Amino acid sequence: MIIESLLDTDLYKFTMMQAVLHQHPAAHAEYRFKCRTPGIDLARHIDAISLQIDALCALRLGPDELEYMRGLRFMKPDFVDFLGLFQLDRKHVRLQASDAVPGEIELTISGPWLHTILFEVPLLAIVNEIWFRAEYGPADTGEGVRRLDAKLARINDAIGFEDCRISDFGTRRRYSRDWHDTLVPHLARGLGVKFAGTSNVDIARRHALVPQGTMAHEWLQAHQALGPRLRDSQVAAFDGWAREYRGDLGIALTDVIGLDAFLRDFDLYFCKLFDGVRHDSGDPVEWGERVLAHLEDMRIDPRTRTLVFSDGLDIDLVMELYAHFRGRCRMSFGIGTNLTNDVGPAPLQIVLKMVRCNGQPVAKLSDSPGKTMCDDAGYLRYLRQVFVVPEAASDS
């Protein structure tokens, strides 16, 4: 069994789920899977994937897990009570081999947002682990530890990186659950105070680590359909988040409709209200410089705000970014695939993204080519027009 607990997912799925329960309990969501790595035959593993989905849908949270969730200061009692009743329902999952492209699979999720939001991360972890196990066998733990120790030595031996903070963000693309569970405690011991925590709630609970995460793209994407107007969707999403958490979890995601559109909406009110922002696409140095300039324009001291970097990081890039922005702001780094899937074989690039909410298309207009995902080209054009986003800033 690959997923043994509903907590084996990223924290931000629960933080968004709580906000959905309180603000949009009737919303309907659709998600679609995509493998961006060419030439990967997932269709021959479809039966194994299906069995693991069945097992996932049989899971419930136990008393100890619920008590842990209740102990997180931003989790509210009614939401934890709801989690005590919660179970994923297989009827919301559609899985079949693609008729159009040999070897590809069609994996879609459709149902109430509140009841489907927890599918994304464990489904990606399931697909990933089944494919790597079939192709390469169990993780080469010795090689993985050797590579990890080399990364730890680089940053621990560097002068001036004492305040650098790194988190594990690698659940969805990990090589395997067992390797992830071995890696994170090793990472925590090796980094010491430089280790900020893990996005994985189950691993955080079992190893007494800090769970990390706030919001993901789908929170802002859904508001494109939830209103009030498309042009006001980002503002509505940030307002809703602030109402829910009242100062907690104050990191805003910047790249759902591109940085230009974000900065137009992230006015003085939000600059004062949020503790920082997260980067997940586009050039990180250019992004950081523009964010810091924006804060200064808003008369906010950038040294009081946090830049969270989380796009395709490795230790080299972490060190480069930390050295560039050191002393100018607070920083945190979330490393995913380069930590949890660096044992030899090349990792897969797989995603499972929201594509519709309440029957209407939603989209992410990424600042990185290849990351935009939407099933309605007409809606993409309209979204670009409304937010004044040049077509070159995204792809379809």
# chains A, B, ... in the order shown; residues from 1 in each chain; ligands from 1
>>> residues_around(residues="stretch 88-103 of chain A", least_positions_apart="2", cutoff="9 Å", atoms="only C-alpha atoms", output="list in words")
Gly39, Ile40, Asp41, Leu42, Ala43, Arg44, Ile46, Ile49, Ser50, Ile53, Asp54, Leu56, Cys57, Ala58, Leu59, Arg60, Phe86, Ile105, Glu106, Leu107, Thr108, Ile109, Ser110, Gly111, Pro112, His115, Thr116, Leu118 and Phe119 of chain A
>>> residues_around(residues="stretch 183-189 of chain A", least_positions_apart="4", cutoff="10 Å", atoms="only C-alpha atoms", output="tab-separated table (two decimals) with N, CA and C atoms, in the first residue's frame")
chain	number	residue	atom	x	y	z
A	141	THR	N	18.86	3.41	-1.91
A	141	THR	CA	19.00	4.26	-0.73
A	141	THR	C	20.44	4.72	-0.53
A	144	GLY	N	21.08	7.47	-2.90
A	144	GLY	CA	20.30	8.63	-2.48
A	144	GLY	C	20.94	9.35	-1.30
A	145	VAL	N	21.40	8.59	-0.31
A	145	VAL	CA	22.03	9.19	0.86
A	145	VAL	C	23.35	9.85	0.46
A	148	LEU	N	22.48	13.07	-1.16
A	148	LEU	CA	21.95	13.99	-0.15
A	148	LEU	C	23.07	14.55	0.73
A	149	ASP	N	23.97	13.68	1.16
A	149	ASP	CA	25.07	14.14	2.01
A	149	ASP	C	25.97	15.14	1.29
A	151	LYS	N	24.94	17.29	-0.91
A	151	LYS	CA	24.21	18.56	-0.88
A	151	LYS	C	24.32	19.21	0.49
A	152	LEU	N	24.17	18.41	1.52
A	152	LEU	CA	24.26	18.95	2.88
A	152	LEU	C	25.65	19.53	3.14
A	166	ILE	N	15.63	25.82	4.71
A	166	ILE	CA	15.21	24.92	3.64
A	166	ILE	C	14.11	23.99	4.14
A	167	SER	N	13.10	23.78	3.31
A	167	SER	CA	12.01	22.85	3.63
A	167	SER	C	11.90	21.79	2.54
A	168	ASP	N	11.36	20.63	2.91
A	168	ASP	CA	11.04	19.58	1.95
A	168	ASP	C	9.67	19.84	1.36
A	170	GLY	N	8.59	17.83	-1.43
A	170	GLY	CA	8.69	16.85	-2.50
A	170	GLY	C	7.73	15.67	-2.50
A	177	ARG	N	7.46	6.28	-1.12
A	177	ARG	CA	7.11	6.68	0.25
A	177	ARG	C	8.22	6.32	1.22
A	178	ASP	N	8.78	5.11	1.10
A	178	ASP	CA	9.83	4.68	2.02
A	178	ASP	C	11.06	5.59	1.93
A	179	TRP	N	11.45	5.96	0.71
A	179	TRP	CA	12.61	6.83	0.56
A	179	TRP	C	12.33	8.21	1.17
A	193	VAL	N	19.49	23.67	12.33
A	193	VAL	CA	18.61	24.83	12.36
A	193	VAL	C	18.29	25.35	10.97
A	194	LYS	N	19.03	24.94	9.96
A	194	LYS	CA	18.72	25.36	8.59
A	194	LYS	C	17.50	24.63	8.04
A	195	PHE	N	17.07	23.57	8.69
A	195	PHE	CA	15.90	22.82	8.22
A	195	PHE	C	14.64	23.42	8.83
A	196	ALA	N	13.74	23.93	7.97
A	196	ALA	CA	12.53	24.61	8.45
A	196	ALA	C	11.36	23.66	8.64
A	197	GLY	N	11.34	22.53	7.91
A	197	GLY	CA	10.23	21.61	8.06
A	197	GLY	C	9.91	20.91	6.75
A	198	THR	N	8.74	20.29	6.70
A	198	THR	CA	8.30	19.53	5.53
A	198	THR	C	6.85	19.86	5.22
A	200	ASN	N	4.90	17.68	4.06
A	200	ASN	CA	4.16	16.43	4.28
A	200	ASN	C	3.66	16.36	5.72
A	203	ILE	N	4.58	12.95	7.68
A	203	ILE	CA	5.98	12.87	8.10
A	203	ILE	C	6.26	13.88	9.21
A	204	ALA	N	5.68	15.08	9.10
A	204	ALA	CA	5.85	16.07	10.16
A	204	ALA	C	5.32	15.53	11.49
A	207	HIS	N	7.57	12.52	12.88
A	207	HIS	CA	8.96	12.82	13.21
A	207	HIS	C	9.10	14.14	13.99
A	208	ALA	N	7.99	14.66	14.49
A	208	ALA	CA	8.00	15.88	15.32
A	208	ALA	C	8.68	17.04	14.60
A	209	LEU	N	8.29	17.25	13.34
A	209	LEU	CA	8.83	18.35	12.53
A	209	LEU	C	7.74	19.39	12.29
A	339	LEU	N	15.19	16.78	-4.01
A	339	LEU	CA	15.43	16.07	-2.76
A	339	LEU	C	14.84	14.67	-2.79
A	340	THR	N	13.56	14.56	-3.12
A	340	THR	CA	12.85	13.31	-2.92
A	340	THR	C	12.92	12.35	-4.10
>>> atom_distance(atom1="atom CA of A:Ala139", atom2="atom CA of A:His180")
10.0 Å
>>> closest_residue(among="A:Arg326, A:Arg172, A:Arg146, A:Arg381", to="A:Gly160", atoms="only C-alpha atoms")
A:Arg326
>>> residues_around(residues="A:Phe309", least_positions_apart="4", cutoff="7 Å", atoms="only C-alpha atoms", output="list in words")
Arg278, His279, Asp280, Ser332, Phe333 and Gly334 of chain A
>>> write_last_selection(atoms="C-alpha atoms", output="tab-separated table (two decimals), in the first residue's frame")
chain	number	residue	atom	x	y	z
A	278	ARG	CA	5.99	32.63	-2.97
A	279	HIS	CA	7.77	32.15	-6.30
A	280	ASP	CA	6.81	29.15	-8.45
A	332	SER	CA	12.82	30.44	2.71
A	333	PHE	CA	13.41	27.67	0.17
A	334	GLY	CA	11.14	24.72	-0.62
>>> residues_around(residues="A:Leu383", least_positions_apart="6", cutoff="9 Å", atoms="only C-alpha atoms", output="ChimeraX atom specification")
/A:230-231,257,362-363,365,389
>>> write_last_selection(atoms="C-alpha atoms", output="compact mmCIF listing (two decimals), in the first residue's frame")
# COMPACT_ATOMS: atom_id res chain seq x y z
CA LEU A 230 -12.98 37.65 -13.25
CA ARG A 231 -10.88 40.82 -13.00
CA ILE A 257 -1.99 34.96 -13.73
CA VAL A 362 -10.11 28.08 -14.94
CA ALA A 363 -6.43 28.45 -15.74
CA LEU A 365 -1.11 31.69 -16.82
CA VAL A 389 -1.21 39.37 -20.07
>>> closest_residue(among="A:Gly247, A:Pro390, A:Pro138, A:Pro122", to="A:Asp202", atoms="only C-alpha atoms")
A:Pro122
>>> residues_around(residues="stretch 305-307 of chain A", least_positions_apart="6", cutoff="10 Å", atoms="only C-alpha atoms", output="list in words")
Gly250, Ile251, Ala252, Cys271, Lys272, Phe274, Asp275, Gly276, Val277, Arg278, His279, Trp287, Gly288, Val291, Leu292, Leu295, Phe325, Arg328, Cys329, Arg330, Met331, Ser332 and Phe333 of chain A
>>> closest_residue(among="A:Arg173, A:Asp157, A:Val201, A:Gly142", to="A:Leu6", atoms="only C-alpha atoms")
A:Val201
>>> residues_around(residues="A:Val20", least_positions_apart="5", cutoff="8 Å", atoms="only C-alpha atoms", output="tab-separated table (two decimals) with N, CA and C atoms, in the first residue's frame")
chain	number	residue	atom	x	y	z
A	25	PRO	N	-18.55	25.66	0.28
A	25	PRO	CA	-18.81	24.22	0.45
A	25	PRO	C	-19.57	23.58	-0.71
A	113	TRP	N	-15.75	20.28	-4.67
A	113	TRP	CA	-14.38	20.70	-4.36
A	113	TRP	C	-13.96	20.22	-2.97
A	114	LEU	N	-14.87	20.34	-2.03
A	114	LEU	CA	-14.58	19.94	-0.66
A	114	LEU	C	-14.23	18.46	-0.56
>>> atom_distance(atom1="atom CA of A:Leu352", atom2="atom CA of A:Arg32")
5.3 Å
>>> select_by_dssp(residues="stretch 190-283 of chain A", states="helix (DSSP H, G or I)", output="NGL selection string")
:A and (190-194 or 201-206 or 217-226 or 230-245 or 259-265 or 268-273)
>>> write_last_selection(atoms="C-alpha atoms", output="compact mmCIF listing (two decimals), in the first residue's frame")
# COMPACT_ATOMS: atom_id res chain seq x y z
CA GLY A 190 22.04 17.09 8.61
CA LEU A 191 20.78 20.66 8.28
CA GLY A 192 19.99 21.32 11.93
CA VAL A 193 18.61 24.83 12.36
CA LYS A 194 18.72 25.36 8.59
CA VAL A 201 1.77 16.40 7.24
CA ASP A 202 2.18 12.70 8.01
CA ILE A 203 5.98 12.87 8.10
CA ALA A 204 5.85 16.07 10.16
CA ARG A 205 3.56 14.38 12.69
CA ARG A 206 5.54 11.16 13.02
CA HIS A 217 -2.66 27.64 -7.33
CA GLU A 218 -6.10 26.06 -7.20
CA TRP A 219 -7.28 28.48 -4.48
CA LEU A 220 -6.79 31.43 -6.81
CA GLN A 221 -7.83 29.52 -9.93
CA ALA A 222 -11.17 28.55 -8.41
CA HIS A 223 -11.97 32.18 -7.70
CA GLN A 224 -11.90 32.82 -11.44
CA ALA A 225 -15.24 30.99 -11.45
CA LEU A 226 -16.45 31.85 -7.94
CA LEU A 230 -12.98 37.65 -13.25
CA ARG A 231 -10.88 40.82 -13.00
CA ASP A 232 -11.35 40.78 -9.20
CA SER A 233 -10.67 37.06 -8.74
CA GLN A 234 -7.18 37.41 -7.25
CA VAL A 235 -8.34 40.12 -4.86
CA ALA A 236 -11.30 37.95 -3.81
CA ALA A 237 -9.00 34.96 -3.22
CA PHE A 238 -6.59 36.94 -1.04
CA ASP A 239 -9.46 38.56 0.86
CA GLY A 240 -11.00 35.16 1.51
CA TRP A 241 -7.69 33.77 2.72
CA ALA A 242 -7.18 36.66 5.12
CA ARG A 243 -10.70 36.23 6.53
CA GLU A 244 -10.08 32.55 7.11
CA TYR A 245 -6.68 32.76 8.79
CA LEU A 259 3.64 38.53 -11.90
CA ASP A 260 2.47 41.71 -13.66
CA ALA A 261 -1.17 40.96 -12.84
CA PHE A 262 -0.26 39.93 -9.30
CA LEU A 263 1.60 43.16 -8.56
CA ARG A 264 -1.31 45.25 -9.87
CA ASP A 265 -3.64 43.49 -7.42
CA LEU A 268 -0.71 48.43 -0.01
CA TYR A 269 -3.51 46.67 1.87
CA PHE A 270 -2.25 43.21 0.93
CA CYS A 271 1.40 44.23 1.29
CA LYS A 272 0.66 45.08 4.90
CA LEU A 273 -1.64 42.12 5.46
>>> closest_residue(among="A:Tyr382, A:Phe74, A:Trp131, A:Phe79", to="A:Thr214", atoms="only C-alpha atoms")
A:Phe74
>>> closest_residue(among="A:Asp297, A:Asp311, A:Asp8, A:Asp248", to="A:Leu123", atoms="only C-alpha atoms")
A:Asp8
>>> closest_residue(among="A:Lys364, A:Arg73, A:Arg356, A:Arg165", to="A:Thr254", atoms="only C-alpha atoms")
A:Lys364
>>> atom_distance(atom1="atom CA of A:Gly336", atom2="atom CA of A:Asp314")
8.5 Å
>>> select_by_dssp(residues="stretch 15-90 of chain A", states="strand (DSSP E)", output="MDAnalysis selection string")
chainID A and resid 28:35
>>> residues_around(residues="A:Tyr136", least_positions_apart="2", cutoff="12 Å", atoms="only C-alpha atoms", output="PyMOL selection string")
chain A and resi 128-134+138-140+175-176+343-347
>>> write_last_selection(atoms="N, CA and C atoms", output="CSV table (one decimal), in the first residue's frame")
chain,number,residue,atom,x,y,z
A,128,ASN,N,3.7,8.1,-9.6
A,128,ASN,CA,5.1,8.1,-9.6
A,128,ASN,C,5.8,6.9,-9.0
A,129,GLU,N,5.3,6.4,-7.9
A,129,GLU,CA,5.9,5.3,-7.2
A,129,GLU,C,5.7,4.0,-8.0
A,130,ILE,N,4.5,3.8,-8.6
A,130,ILE,CA,4.3,2.6,-9.4
A,130,ILE,C,5.2,2.6,-10.6
A,131,TRP,N,5.3,3.7,-11.2
A,131,TRP,CA,6.1,3.7,-12.4
A,131,TRP,C,7.6,3.4,-12.1
A,132,PHE,N,8.2,4.1,-11.1
A,132,PHE,CA,9.6,3.9,-10.8
A,132,PHE,C,9.8,2.5,-10.2
A,133,ARG,N,8.9,2.0,-9.4
A,133,ARG,CA,9.1,0.6,-8.9
A,133,ARG,C,9.1,-0.4,-10.0
A,134,ALA,N,8.2,-0.2,-11.0
A,134,ALA,CA,8.2,-1.1,-12.1
A,134,ALA,C,9.4,-1.0,-13.0
A,138,PRO,N,13.1,-0.9,-6.1
A,138,PRO,CA,13.2,0.0,-4.9
A,138,PRO,C,14.3,1.1,-5.1
A,139,ALA,N,14.1,2.2,-4.4
A,139,ALA,CA,15.0,3.3,-4.4
A,139,ALA,C,16.4,2.8,-4.0
A,140,ASP,N,17.5,3.2,-4.7
A,140,ASP,CA,18.8,3.0,-4.3
A,140,ASP,C,19.2,3.9,-3.1
A,175,TYR,N,10.4,9.5,-5.2
A,175,TYR,CA,10.6,8.2,-5.8
A,175,TYR,C,9.7,7.1,-5.2
A,176,SER,N,9.6,7.2,-3.8
A,176,SER,CA,8.8,6.3,-3.1
A,176,SER,C,8.5,6.8,-1.7
A,343,VAL,N,17.8,9.8,-6.8
A,343,VAL,CA,18.5,8.5,-6.5
A,343,VAL,C,19.1,7.8,-7.7
A,344,GLY,N,19.1,8.5,-8.8
A,344,GLY,CA,19.6,7.9,-10.0
A,344,GLY,C,18.8,8.1,-11.3
A,345,PRO,N,17.6,7.5,-11.4
A,345,PRO,CA,16.8,7.7,-12.6
A,345,PRO,C,16.3,9.1,-12.7
A,346,ALA,N,16.0,9.5,-13.9
A,346,ALA,CA,15.5,10.9,-14.1
A,346,ALA,C,14.1,10.9,-13.6
A,347,PRO,N,13.7,12.0,-12.9
A,347,PRO,CA,12.3,12.1,-12.4
A,347,PRO,C,11.3,12.4,-13.5
>>> decode(residues="stretch 118-135 of chain A", atoms="C-alpha atoms", output="short mmCIF file (atom, residue, chain, number, x, y, z; two decimals), in the first residue's frame")
data_model
loop_
_atom_site.label_atom_id
_atom_site.label_comp_id
_atom_site.auth_asym_id
_atom_site.auth_seq_id
_atom_site.Cartn_x
_atom_site.Cartn_y
_atom_site.Cartn_z
CA LEU A 118 -7.34 15.79 -1.21
CA PHE A 119 -6.95 13.58 -4.30
CA GLU A 120 -4.18 15.51 -6.07
CA VAL A 121 -1.01 14.84 -4.07
CA PRO A 122 -1.57 11.15 -3.19
CA LEU A 123 -2.61 10.31 -6.75
CA LEU A 124 0.57 11.85 -8.12
CA ALA A 125 2.62 9.99 -5.50
CA ILE A 126 0.88 6.74 -6.47
CA VAL A 127 1.52 7.16 -10.21
CA ASN A 128 5.12 8.13 -9.56
CA GLU A 129 5.94 5.26 -7.23
CA ILE A 130 4.25 2.61 -9.36
CA TRP A 131 6.15 3.72 -12.45
CA PHE A 132 9.57 3.92 -10.76
CA ARG A 133 9.08 0.64 -8.90
CA ALA A 134 8.19 -1.15 -12.15
CA GLU A 135 11.00 0.44 -14.16
#
